[in-house]
>>> print(open('final.txt').read())   # compact mmCIF, C-alpha atoms
# COMPACT_ATOMS: atom_id res chain seq x y z
CA MET A 1 -56.70 23.29 -48.96
CA LYS A 2 -55.24 21.18 -46.16
CA TRP A 3 -58.58 21.52 -44.33
CA LEU A 4 -60.36 20.15 -47.38
CA HIS A 5 -58.02 17.16 -47.62
CA LEU A 6 -58.41 16.53 -43.90
CA PHE A 7 -62.21 16.65 -44.19
CA SER A 8 -62.20 14.46 -47.29
CA ALA A 9 -59.98 11.83 -45.56
CA ASN A 10 -62.16 11.74 -42.45
CA PHE A 11 -65.44 11.75 -44.40
CA ARG A 12 -64.17 8.81 -46.48
CA LYS A 13 -63.00 6.92 -43.38
CA GLU A 14 -66.33 7.42 -41.59
CA TYR A 15 -68.27 6.33 -44.70
CA ILE A 16 -66.09 3.22 -45.20
CA GLU A 17 -66.36 2.25 -41.53
CA MET A 18 -70.14 2.82 -41.58
CA LYS A 19 -70.35 0.45 -44.53
CA ARG A 20 -68.03 -2.13 -42.96
CA TYR A 21 -69.76 -2.01 -39.56
CA LEU A 22 -73.16 -2.27 -41.27
CA PRO A 23 -75.03 -4.00 -38.38
CA ASN A 24 -73.91 -1.19 -36.04
CA THR A 25 -75.07 1.48 -38.48
CA ILE A 26 -78.44 -0.23 -38.99
CA ALA A 27 -78.86 -0.61 -35.20
CA LEU A 28 -78.07 3.10 -34.73
CA VAL A 29 -80.63 4.23 -37.32
CA PHE A 30 -83.20 1.76 -35.97
CA THR A 31 -82.73 2.99 -32.37
CA PHE A 32 -83.09 6.59 -33.52
CA TYR A 33 -86.33 5.65 -35.34
CA ILE A 34 -87.73 3.77 -32.31
CA ILE A 35 -87.06 6.78 -30.04
CA PHE A 36 -88.76 9.05 -32.54
CA LEU A 37 -91.81 6.77 -32.78
CA ALA A 38 -91.98 6.45 -29.00
CA ALA A 39 -92.00 10.24 -28.65
CA PHE A 40 -94.59 10.63 -31.39
CA PHE A 41 -97.02 8.01 -30.08
CA GLY A 42 -96.32 9.08 -26.51
CA ILE A 43 -97.78 12.49 -27.31
CA MET A 44 -100.87 10.86 -28.83
CA PHE A 45 -101.57 8.99 -25.61
CA ILE A 46 -100.41 11.48 -22.98
CA GLY A 47 -100.70 14.88 -24.66
CA ASP A 48 -103.70 17.20 -24.88
CA PRO A 49 -105.69 16.37 -28.08
CA ALA A 50 -106.52 20.10 -28.56
CA SER A 51 -102.87 21.07 -29.04
CA PHE A 52 -101.81 17.80 -30.72
CA ASP A 53 -100.42 19.39 -33.92
CA MET A 54 -98.29 21.90 -32.05
CA ASN A 55 -97.04 19.25 -29.63
CA VAL A 56 -96.01 17.03 -32.55
CA GLN A 57 -94.06 19.88 -34.15
CA TYR A 58 -92.28 20.70 -30.88
CA SER A 59 -91.53 17.08 -30.13
CA ILE A 60 -90.10 16.40 -33.60
CA VAL A 61 -87.78 19.40 -33.31
CA SER A 62 -86.75 18.56 -29.73
CA VAL A 63 -86.21 14.84 -30.47
CA VAL A 64 -84.05 15.68 -33.49
CA PHE A 65 -81.98 18.24 -31.56
CA TRP A 66 -81.74 16.04 -28.48
CA SER A 67 -80.59 13.09 -30.60
CA LEU A 68 -78.06 15.18 -32.50
CA THR A 69 -76.63 16.63 -29.27
CA MET A 70 -76.44 13.23 -27.64
CA MET A 71 -74.88 11.69 -30.73
CA THR A 72 -72.27 14.44 -31.00
CA MET A 73 -71.32 14.18 -27.32
CA ASN A 74 -71.32 10.40 -27.41
CA PHE A 75 -69.38 10.40 -30.63
CA ILE A 76 -66.51 12.49 -29.24
CA GLY A 77 -66.22 10.39 -26.06
CA PHE A 78 -66.67 7.09 -27.86
CA SER A 79 -64.22 8.09 -30.57
CA VAL A 80 -61.49 9.06 -28.07
CA VAL A 81 -61.97 5.85 -26.06
CA THR A 82 -61.96 3.68 -29.20
CA GLU A 83 -58.89 5.39 -30.61
CA ALA A 84 -57.08 4.98 -27.28
CA THR A 85 -57.97 1.28 -27.16
CA ARG A 86 -56.91 0.72 -30.75
CA GLY A 87 -53.65 2.63 -30.21
CA THR A 88 -54.38 5.13 -32.98
CA LEU A 89 -55.00 8.08 -30.64
CA GLU A 90 -51.27 8.77 -30.44
CA GLN A 91 -51.09 9.01 -34.24
CA ILE A 92 -53.97 11.50 -34.23
CA TYR A 93 -52.27 13.57 -31.52
CA MET A 94 -49.14 13.55 -33.68
CA SER A 95 -50.88 15.07 -36.68
CA PRO A 96 -49.61 18.59 -37.42
CA MET A 97 -53.22 19.55 -38.24
CA GLY A 98 -54.11 19.31 -34.53
CA VAL A 99 -56.37 16.85 -32.77
CA TRP A 100 -59.36 19.21 -32.46
CA LYS A 101 -59.45 19.81 -36.21
CA ILE A 102 -59.51 16.05 -36.85
CA MET A 103 -62.30 15.54 -34.30
CA LEU A 104 -64.28 18.47 -35.73
CA THR A 105 -64.05 17.12 -39.27
CA ARG A 106 -65.18 13.72 -38.00
CA ILE A 107 -68.22 15.21 -36.25
CA ILE A 108 -69.15 17.09 -39.41
CA ALA A 109 -68.55 13.96 -41.49
CA MET B 1 -23.32 18.68 -39.64
CA GLU B 2 -26.74 20.23 -39.19
CA LYS B 3 -28.47 19.24 -35.96
CA ILE B 4 -32.08 18.29 -36.68
CA ILE B 5 -32.93 17.20 -33.13
CA GLU B 6 -31.54 18.92 -30.09
CA VAL B 7 -32.46 17.66 -26.64
CA ARG B 8 -31.24 19.72 -23.69
CA GLY B 9 -31.56 18.51 -20.12
CA ILE B 10 -35.02 16.94 -20.31
CA SER B 11 -36.50 15.28 -17.24
CA LYS B 12 -39.77 13.50 -16.60
CA ALA B 13 -41.19 12.20 -13.34
CA TYR B 14 -44.44 10.31 -12.84
CA GLY B 15 -46.52 10.50 -9.70
CA LYS B 16 -47.52 7.20 -8.14
CA ARG B 17 -50.87 6.65 -6.51
CA LYS B 18 -50.81 6.83 -2.70
CA MET B 19 -47.11 7.74 -2.77
CA LYS B 20 -45.72 11.18 -2.18
CA GLU B 21 -42.43 10.74 -4.01
CA LYS B 22 -42.33 10.64 -7.79
CA ILE B 23 -40.67 8.11 -10.03
CA HIS B 24 -38.03 9.75 -12.22
CA ALA B 25 -38.27 8.09 -15.64
CA VAL B 26 -35.90 10.53 -17.36
CA ARG B 27 -33.26 12.65 -15.62
CA ASP B 28 -31.40 15.48 -17.30
CA VAL B 29 -31.07 13.77 -20.68
CA SER B 30 -29.23 15.69 -23.41
CA PHE B 31 -28.25 14.60 -26.89
CA HIS B 32 -28.48 15.70 -30.49
CA VAL B 33 -29.14 13.98 -33.81
CA ASN B 34 -27.67 15.20 -37.08
CA ARG B 35 -29.62 15.33 -40.34
CA GLY B 36 -29.44 11.99 -42.19
CA GLU B 37 -28.16 10.11 -39.17
CA VAL B 38 -29.60 6.80 -37.93
CA VAL B 39 -29.45 6.69 -34.16
CA GLY B 40 -30.32 3.79 -31.87
CA LEU B 41 -31.94 4.64 -28.55
CA LEU B 42 -31.22 1.66 -26.34
CA GLY B 43 -31.65 0.65 -22.78
CA PRO B 44 -33.09 -2.09 -20.57
CA ASN B 45 -36.82 -2.20 -19.81
CA GLY B 46 -37.89 0.81 -17.74
CA ALA B 47 -34.78 2.79 -18.65
CA GLY B 48 -36.77 5.77 -19.97
CA LYS B 49 -36.58 5.17 -23.72
CA THR B 50 -40.30 5.31 -24.45
CA SER B 51 -40.76 8.40 -22.24
CA THR B 52 -37.93 10.08 -24.17
CA ILE B 53 -39.50 9.10 -27.51
CA LYS B 54 -42.93 10.31 -26.41
CA MET B 55 -41.42 13.64 -25.37
CA LEU B 56 -39.63 13.85 -28.74
CA CYS B 57 -42.90 13.52 -30.63
CA GLY B 58 -44.84 15.84 -28.35
CA LEU B 59 -47.04 13.21 -26.71
CA LEU B 60 -45.56 13.97 -23.29
CA GLU B 61 -44.42 17.30 -21.93
CA SER B 62 -41.07 17.32 -20.20
CA ASP B 63 -40.84 18.65 -16.63
CA ALA B 64 -37.59 20.44 -17.43
CA GLY B 65 -35.32 21.11 -20.40
CA SER B 66 -36.14 21.64 -24.05
CA ILE B 67 -36.50 19.70 -27.29
CA HIS B 68 -35.97 21.36 -30.66
CA ILE B 69 -36.97 19.64 -33.90
CA ASN B 70 -35.48 21.39 -36.89
CA GLY B 71 -35.06 24.47 -34.68
CA LEU B 72 -38.69 24.44 -33.45
CA ASP B 73 -39.43 23.99 -29.76
CA ILE B 74 -41.78 20.99 -29.44
CA CYS B 75 -43.53 22.54 -26.41
CA LYS B 76 -43.99 26.05 -27.78
CA LYS B 77 -44.55 25.30 -31.48
CA ARG B 78 -45.85 21.77 -31.24
CA LEU B 79 -47.89 21.59 -34.46
CA LYS B 80 -45.14 23.24 -36.55
CA ALA B 81 -42.55 20.87 -35.09
CA LEU B 82 -44.81 17.87 -35.78
CA GLU B 83 -44.61 18.67 -39.51
CA HIS B 84 -41.01 17.43 -39.31
CA ILE B 85 -41.53 14.25 -37.32
CA SER B 86 -43.51 11.03 -37.62
CA ALA B 87 -43.45 7.94 -35.45
CA VAL B 88 -44.36 4.29 -35.24
CA LEU B 89 -45.24 3.59 -31.62
CA GLU B 90 -46.38 0.14 -30.53
CA GLY B 91 -46.14 -1.01 -34.15
CA ASN B 92 -49.23 -2.66 -35.54
CA ARG B 93 -51.54 -0.94 -33.02
CA ASN B 94 -51.12 2.30 -34.97
CA LEU B 95 -53.50 1.19 -37.75
CA TYR B 96 -57.24 1.04 -38.42
CA TRP B 97 -58.01 -2.64 -38.60
CA ARG B 98 -61.27 -2.24 -40.55
CA LEU B 99 -59.59 -0.23 -43.32
CA THR B 100 -57.56 -1.77 -46.11
CA VAL B 101 -53.81 -1.33 -46.51
CA ARG B 102 -54.20 1.46 -49.07
CA GLU B 103 -57.05 3.14 -47.16
CA ASN B 104 -54.82 3.33 -44.07
CA LEU B 105 -52.02 4.94 -46.06
CA GLU B 106 -54.43 7.46 -47.60
CA TYR B 107 -56.22 8.21 -44.34
CA PHE B 108 -53.07 9.02 -42.36
CA ALA B 109 -51.74 11.12 -45.25
CA GLY B 110 -55.09 12.96 -45.28
CA ASN B 111 -54.72 13.64 -41.56
CA ARG B 112 -51.52 15.50 -42.39
CA GLY B 113 -53.31 17.56 -45.04
CA TYR B 114 -52.32 15.59 -48.16
CA SER B 115 -54.85 14.58 -50.82
CA ARG B 116 -55.14 11.03 -52.16
CA LYS B 117 -53.79 12.23 -55.52
CA GLN B 118 -50.77 13.86 -53.90
CA VAL B 119 -49.69 10.65 -52.19
CA ALA B 120 -50.77 8.12 -54.84
CA TYR B 121 -47.34 7.75 -56.44
CA GLN B 122 -45.48 7.64 -53.13
CA ALA B 123 -48.00 5.13 -51.70
CA ASP B 124 -47.51 2.84 -54.71
CA LYS B 125 -43.75 3.09 -54.29
CA LEU B 126 -43.95 2.23 -50.59
CA LEU B 127 -46.31 -0.69 -51.21
CA GLU B 128 -43.77 -2.06 -53.70
CA GLN B 129 -40.85 -1.46 -51.31
CA PHE B 130 -42.60 -3.21 -48.43
CA ASN B 131 -43.90 -6.09 -50.61
CA LEU B 132 -47.50 -5.14 -49.82
CA LYS B 133 -48.68 -4.34 -53.35
CA ASP B 134 -50.70 -7.57 -53.69
CA LYS B 135 -52.31 -6.92 -50.29
CA GLU B 136 -53.29 -3.28 -50.87
CA ASN B 137 -57.03 -4.02 -50.93
CA GLU B 138 -57.04 -6.39 -47.96
CA LEU B 139 -58.27 -5.37 -44.53
CA VAL B 140 -55.51 -4.81 -41.98
CA ASN B 141 -57.43 -7.17 -39.70
CA GLY B 142 -56.55 -10.09 -41.96
CA LEU B 143 -52.84 -9.35 -42.29
CA SER B 144 -50.07 -11.07 -40.37
CA ARG B 145 -48.30 -9.16 -37.60
CA GLY B 146 -45.24 -8.71 -39.80
CA MET B 147 -47.29 -7.17 -42.60
CA GLN B 148 -49.09 -4.88 -40.15
CA GLN B 149 -45.72 -3.76 -38.80
CA LYS B 150 -44.46 -3.07 -42.32
CA LEU B 151 -47.61 -1.08 -43.08
CA ALA B 152 -47.20 0.98 -39.89
CA ILE B 153 -43.67 1.92 -41.00
CA ALA B 154 -44.91 2.68 -44.53
CA VAL B 155 -47.53 5.02 -43.02
CA ALA B 156 -44.80 6.87 -41.11
CA LEU B 157 -42.66 7.13 -44.26
CA LEU B 158 -45.58 8.44 -46.33
CA ALA B 159 -45.80 11.42 -43.98
CA ASN B 160 -42.62 12.56 -45.73
CA THR B 161 -41.09 14.03 -42.59
CA ASP B 162 -37.43 14.77 -41.91
CA VAL B 163 -37.35 12.58 -38.80
CA ILE B 164 -38.90 9.16 -38.22
CA LEU B 165 -39.09 7.55 -34.78
CA LEU B 166 -39.39 3.78 -34.73
CA ASP B 167 -40.22 2.27 -31.36
CA GLU B 168 -39.44 -1.46 -31.39
CA PRO B 169 -39.93 -1.98 -35.14
CA THR B 170 -39.15 -5.72 -35.00
CA LEU B 171 -40.88 -6.57 -31.71
CA GLY B 172 -42.78 -9.87 -31.86
CA LEU B 173 -41.77 -10.66 -35.42
CA ASP B 174 -40.35 -14.02 -36.48
CA VAL B 175 -36.74 -14.25 -37.68
CA GLU B 176 -37.68 -14.23 -41.37
CA VAL B 177 -39.92 -11.13 -41.24
CA SER B 178 -37.51 -9.37 -38.89
CA TYR B 179 -34.71 -9.99 -41.42
CA GLU B 180 -36.90 -8.75 -44.30
CA LEU B 181 -37.87 -5.62 -42.37
CA ARG B 182 -34.22 -4.98 -41.50
CA ASN B 183 -33.30 -5.19 -45.21
CA ILE B 184 -36.13 -2.82 -46.18
CA LEU B 185 -35.07 -0.32 -43.51
CA ASN B 186 -31.45 -0.64 -44.59
CA ARG B 187 -32.44 0.15 -48.18
CA ILE B 188 -34.50 3.16 -47.08
CA VAL B 189 -31.65 4.45 -44.91
CA LYS B 190 -29.22 4.22 -47.85
CA GLU B 191 -31.53 5.53 -50.56
CA GLU B 192 -33.51 8.24 -48.80
CA GLN B 193 -31.01 9.63 -46.28
CA ARG B 194 -33.75 10.11 -43.66
CA THR B 195 -33.02 10.86 -40.03
CA ILE B 196 -34.22 7.84 -38.09
CA ILE B 197 -34.27 7.13 -34.37
CA ILE B 198 -34.75 3.46 -33.55
CA SER B 199 -35.57 2.20 -30.10
CA SER B 200 -35.06 -1.54 -30.04
CA HIS B 201 -33.92 -4.55 -28.08
CA ASP B 202 -33.05 -6.27 -31.36
CA MET B 203 -29.29 -5.74 -31.39
CA PRO B 204 -28.60 -7.11 -34.90
CA VAL B 205 -31.01 -4.42 -36.21
CA VAL B 206 -29.20 -1.73 -34.25
CA GLN B 207 -25.75 -2.97 -35.30
CA GLU B 208 -26.74 -3.09 -38.98
CA LEU B 209 -28.73 0.13 -39.27
CA CYS B 210 -27.45 2.61 -36.72
CA ASP B 211 -24.54 5.01 -37.13
CA ARG B 212 -24.62 5.95 -33.48
CA VAL B 213 -26.21 4.66 -30.30
CA ILE B 214 -27.45 6.43 -27.21
CA ILE B 215 -27.77 4.06 -24.28
CA ILE B 216 -30.11 5.11 -21.51
CA ASN B 217 -30.07 3.40 -18.14
CA LYS B 218 -32.11 4.40 -15.08
CA GLY B 219 -33.28 7.53 -16.89
CA GLU B 220 -29.80 8.84 -17.72
CA VAL B 221 -27.66 8.75 -20.85
CA VAL B 222 -24.76 6.43 -20.10
CA ILE B 223 -23.23 6.13 -23.56
CA ASP B 224 -23.49 8.25 -26.69
CA ASP B 225 -21.04 6.96 -29.27
CA ARG B 226 -20.68 5.46 -32.74
CA VAL B 227 -21.41 1.74 -33.05
CA GLU B 228 -17.96 0.92 -34.45
CA ASN B 229 -16.26 2.76 -31.56
CA LEU B 230 -18.19 0.69 -29.03
CA LEU B 231 -17.42 -2.53 -30.86
CA LYS B 232 -13.75 -1.56 -30.92
CA LEU B 233 -13.88 -0.68 -27.25
CA PHE B 234 -15.00 -4.17 -26.33
CA GLU B 235 -12.98 -5.92 -29.00
CA THR B 236 -11.11 -8.89 -27.58
CA ARG B 237 -8.11 -10.85 -28.78
CA ALA B 238 -9.92 -14.07 -28.16
CA TYR B 239 -9.27 -17.16 -30.27
CA SER B 240 -10.79 -20.61 -30.44
CA MET B 241 -8.41 -23.40 -31.46
CA LYS B 242 -9.44 -26.88 -32.47
CA LEU B 243 -6.61 -29.31 -31.68
CA GLY B 244 -5.82 -32.67 -33.23
CA GLU B 245 -5.36 -34.34 -29.82
CA GLY B 246 -5.71 -33.51 -26.12
CA LEU B 247 -3.08 -31.57 -24.17
CA SER B 248 -0.79 -33.27 -21.69
CA VAL B 249 -1.16 -32.43 -17.98
CA ASP B 250 2.02 -30.35 -18.15
CA GLN B 251 0.76 -28.40 -21.19
CA GLU B 252 -2.61 -27.84 -19.55
CA ASN B 253 -1.01 -26.44 -16.39
CA LYS B 254 1.25 -24.16 -18.39
CA LEU B 255 -1.69 -22.97 -20.49
CA LEU B 256 -3.76 -22.04 -17.46
CA SER B 257 -0.85 -20.31 -15.72
CA LYS B 258 0.19 -18.25 -18.78
CA PHE B 259 -3.35 -17.51 -19.97
CA PRO B 260 -5.59 -17.47 -16.89
CA LEU B 261 -8.70 -16.52 -18.90
CA SER B 262 -8.39 -19.52 -21.20
CA THR B 263 -10.71 -22.53 -21.24
CA TYR B 264 -9.79 -26.04 -22.27
CA THR B 265 -12.45 -28.60 -23.16
CA THR B 266 -11.82 -32.06 -24.46
CA SER B 267 -14.19 -34.79 -25.51
CA SER B 268 -13.97 -38.03 -27.45
CA HIS B 269 -14.32 -36.26 -30.81
CA GLU B 270 -12.70 -32.83 -30.35
CA THR B 271 -10.40 -30.73 -28.18
CA ILE B 272 -11.04 -26.99 -28.03
CA VAL B 273 -8.86 -24.31 -26.41
CA GLU B 274 -10.25 -20.80 -26.06
CA VAL B 275 -7.74 -18.12 -25.09
CA ASN B 276 -8.10 -14.42 -24.49
CA LEU B 277 -4.74 -12.78 -25.27
CA GLU B 278 -3.64 -9.61 -23.59
CA HIS B 279 -1.23 -8.71 -26.42
CA SER B 280 -1.27 -9.90 -30.05
CA GLN B 281 2.28 -11.29 -29.78
CA ASP B 282 1.18 -13.65 -26.96
CA ILE B 283 -0.08 -15.98 -29.67
CA TYR B 284 3.57 -17.02 -30.36
CA GLU B 285 3.88 -18.22 -26.76
CA LEU B 286 0.76 -20.28 -27.25
CA PHE B 287 2.18 -21.84 -30.41
CA ASP B 288 5.46 -22.60 -28.56
CA LEU B 289 3.48 -24.34 -25.83
CA LEU B 290 1.68 -26.51 -28.39
CA LYS B 291 4.89 -27.15 -30.34
CA GLU B 292 6.63 -28.58 -27.23
CA GLU B 293 4.78 -31.87 -27.61
CA GLY B 294 3.94 -31.60 -31.29
CA THR B 295 0.23 -30.91 -30.74
CA MET B 296 -1.51 -30.47 -34.11
CA VAL B 297 -3.73 -27.42 -34.63
CA GLU B 298 -6.68 -28.21 -36.91
CA SER B 299 -8.26 -24.74 -37.03
CA ILE B 300 -8.04 -21.28 -35.48
CA ASP B 301 -11.02 -18.90 -35.31
CA ARG B 302 -11.12 -15.41 -33.90
CA ILE B 303 -13.99 -14.96 -31.46
CA THR B 304 -15.74 -11.75 -32.45
CA ILE B 305 -17.94 -9.71 -30.16
CA ASP B 306 -21.33 -8.57 -31.40
CA PHE B 307 -23.29 -5.51 -30.37
CA GLU B 308 -25.54 -7.51 -28.07
CA GLN B 309 -22.56 -8.46 -25.90
CA VAL B 310 -21.34 -4.84 -25.96
CA PHE B 311 -24.78 -3.64 -24.82
CA VAL B 312 -24.94 -6.16 -21.96
CA GLN B 313 -21.43 -5.23 -20.82
CA ILE B 314 -22.27 -1.50 -20.86
CA VAL B 315 -25.58 -1.87 -19.02
CA LYS B 316 -24.43 -4.49 -16.51
CA GLY B 317 -20.96 -3.04 -16.08
CA GLY B 318 -22.25 0.47 -15.44
CA MET B 319 -20.00 2.04 -18.08
CA THR B 320 -20.34 5.77 -18.78
CA ASN B 321 -19.23 8.06 -21.61
CA GLU B 322 -16.28 9.26 -19.51
CA MET B 323 -15.08 5.72 -18.83
CA ALA B 324 -15.40 4.81 -22.52
CA ALA B 325 -13.44 7.92 -23.51
CA SER B 326 -10.66 7.15 -21.02
CA ILE B 327 -10.35 3.56 -22.33
CA GLN B 328 -10.22 4.82 -25.93
CA CYS B 329 -7.43 7.26 -25.00
>>> encode(input="final.txt", output="structure tokens")
Amino acid sequence: MKWLHLFSANFRKEYIEMKRYLPNTIALVFTFYIIFLAAFFGIMFIGDPASFDMNVQYSIVSVVFWSLTMMTMNFIGFSVVTEATRGTLEQIYMSPMGVWKIMLTRIIA
Amino acid sequence: MEKIIEVRGISKAYGKRKMKEKIHAVRDVSFHVNRGEVVGLLGPNGAGKTSTIKMLCGLLESDAGSIHINGLDICKKRLKALEHISAVLEGNRNLYWRLTVRENLEYFAGNRGYSRKQVAYQADKLLEQFNLKDKENELVNGLSRGMQQKLAIAVALLANTDVILLDEPTLGLDVEVSYELRNILNRIVKEEQRTIIISSHDMPVVQELCDRVIIINKGEVVIDDRVENLLKLFETRAYSMKLGEGLSVDQENKLLSKFPLSTYTTSSHETIVEVNLEHSQDIYELFDLLKEEGTMVESIDRITIDFEQVFVQIVKGGMTNEMAASIQC
């Protein structure tokens, strides 16, 4: 049950902050979309027209996975640095739930 | 009394870049805190207070010794021990500035595994206690420093732990907010019987709230005693007398020879004599001296010593527990 409350608190915080930092969120989604378009049109110009459909499928999957991996890694590093700058990292370290559980719930959220 | 915190011989040294020798911030510090006690952890800047507090809440690992919170070793059973302790470190920096007052309370409670429903009543109560009810939906970013500080303490209290560590709770606050915060803390101490450790340079806060003080200097505990004992230890028999007229040369000479620590100041509108008596009965000799030439005494005030002066005398005078005990005997 504690896990659920921890997840709910972190999900809510992430959602609220996404809403309050709206330009950041829009910029993030826009960047993701631009990268996706660049990959898609890049294949049209560079790739072999005979295997175009297969290339598109592979590139969509790889772009999505690559973005998710990058975002997850960036998120952890960025989150730790931001928390340390804000001064809230110590409070997170002091949670009896454990810092890794908090970070995990944030990544999922 | 039940010991809720037991610190045995902790030490901490920090390595310095390009230097082989380490800087010893804390050396063989031992003390205990009983349940329900309010203890002040004092010391000059760089004395080792913050390192001690960070070791107490598991943010730093000690090089030697042990810390037990409610019987749990903070190094071996860190997460279990953290269920019994919460802290406000660096005050208003412990909050999320883009969340509202209530959202901060709920978020930190959630991080300890509590649901919003579970803490709703307690959060309302704390918002009332800290006069933040009308600000509950405002972003922390827009609050004054005093309000942020109050919220940080409310967050620590909402964790519902046995022990609360407050590092400089009144730092940077104006006199009015500092006074308000002191009153709120005083009320909490009396009503909730929590164990609180306060590290502060604000001596009126320490004198009003703390039962006992532990003074750390150069990484070592120099004094561990009750506040009233320390005040008694440095109590003086000093009086300030406002006289109707100035003293004659003869009286002045006699005054300075009988009471070498006295001061005599005279101006066009008042004459003040301050004397520090060795024995209470010496005051009769002073009256005799004034009576000789019929000098009128307009008022007599006892000069009382506050905890700030006691602290300065302990730190500057290099007093230790042993010296204090021998004086008390």
>>> interface_residues(input="final.txt", of="chain A", to="chain B", cutoff="12 Å", atoms="all atoms listed in the file", output="MDAnalysis selection string")
chainID A and resid 1:22 82:103 105:106
>>> atom_distance(input="final.txt", atom1="atom CA of B:Thr263", atom2="atom CA of B:Leu286")
13.1 Å
>>> residues_around(input="final.txt", residues="stretch 37-43 of chain A", least_positions_apart="4", cutoff="9 Å", atoms="all atoms listed in the file", output="ChimeraX atom specification")
/A:32-33,47-49,52,55-56,59-60,63
>>> closest_residue(input="final.txt", among="B:Leu209, B:Gly65, B:Val101, B:Val315", to="B:Gly142", atoms="only C-alpha atoms")
B:Val101
>>> atom_distance(input="final.txt", atom1="atom CA of B:Gln281", atom2="atom CA of B:Leu247")
21.7 Å
>>> axis_aligned_box(input="final.txt", around="stretch 40-58 of chain A", padding_each_side="6 Å", output="AutoDock Vina command-line options")
--center_x -99.4 --center_y 15.0 --center_z -28.6 --size_x 26.2 --size_y 25.9 --size_z 23.2
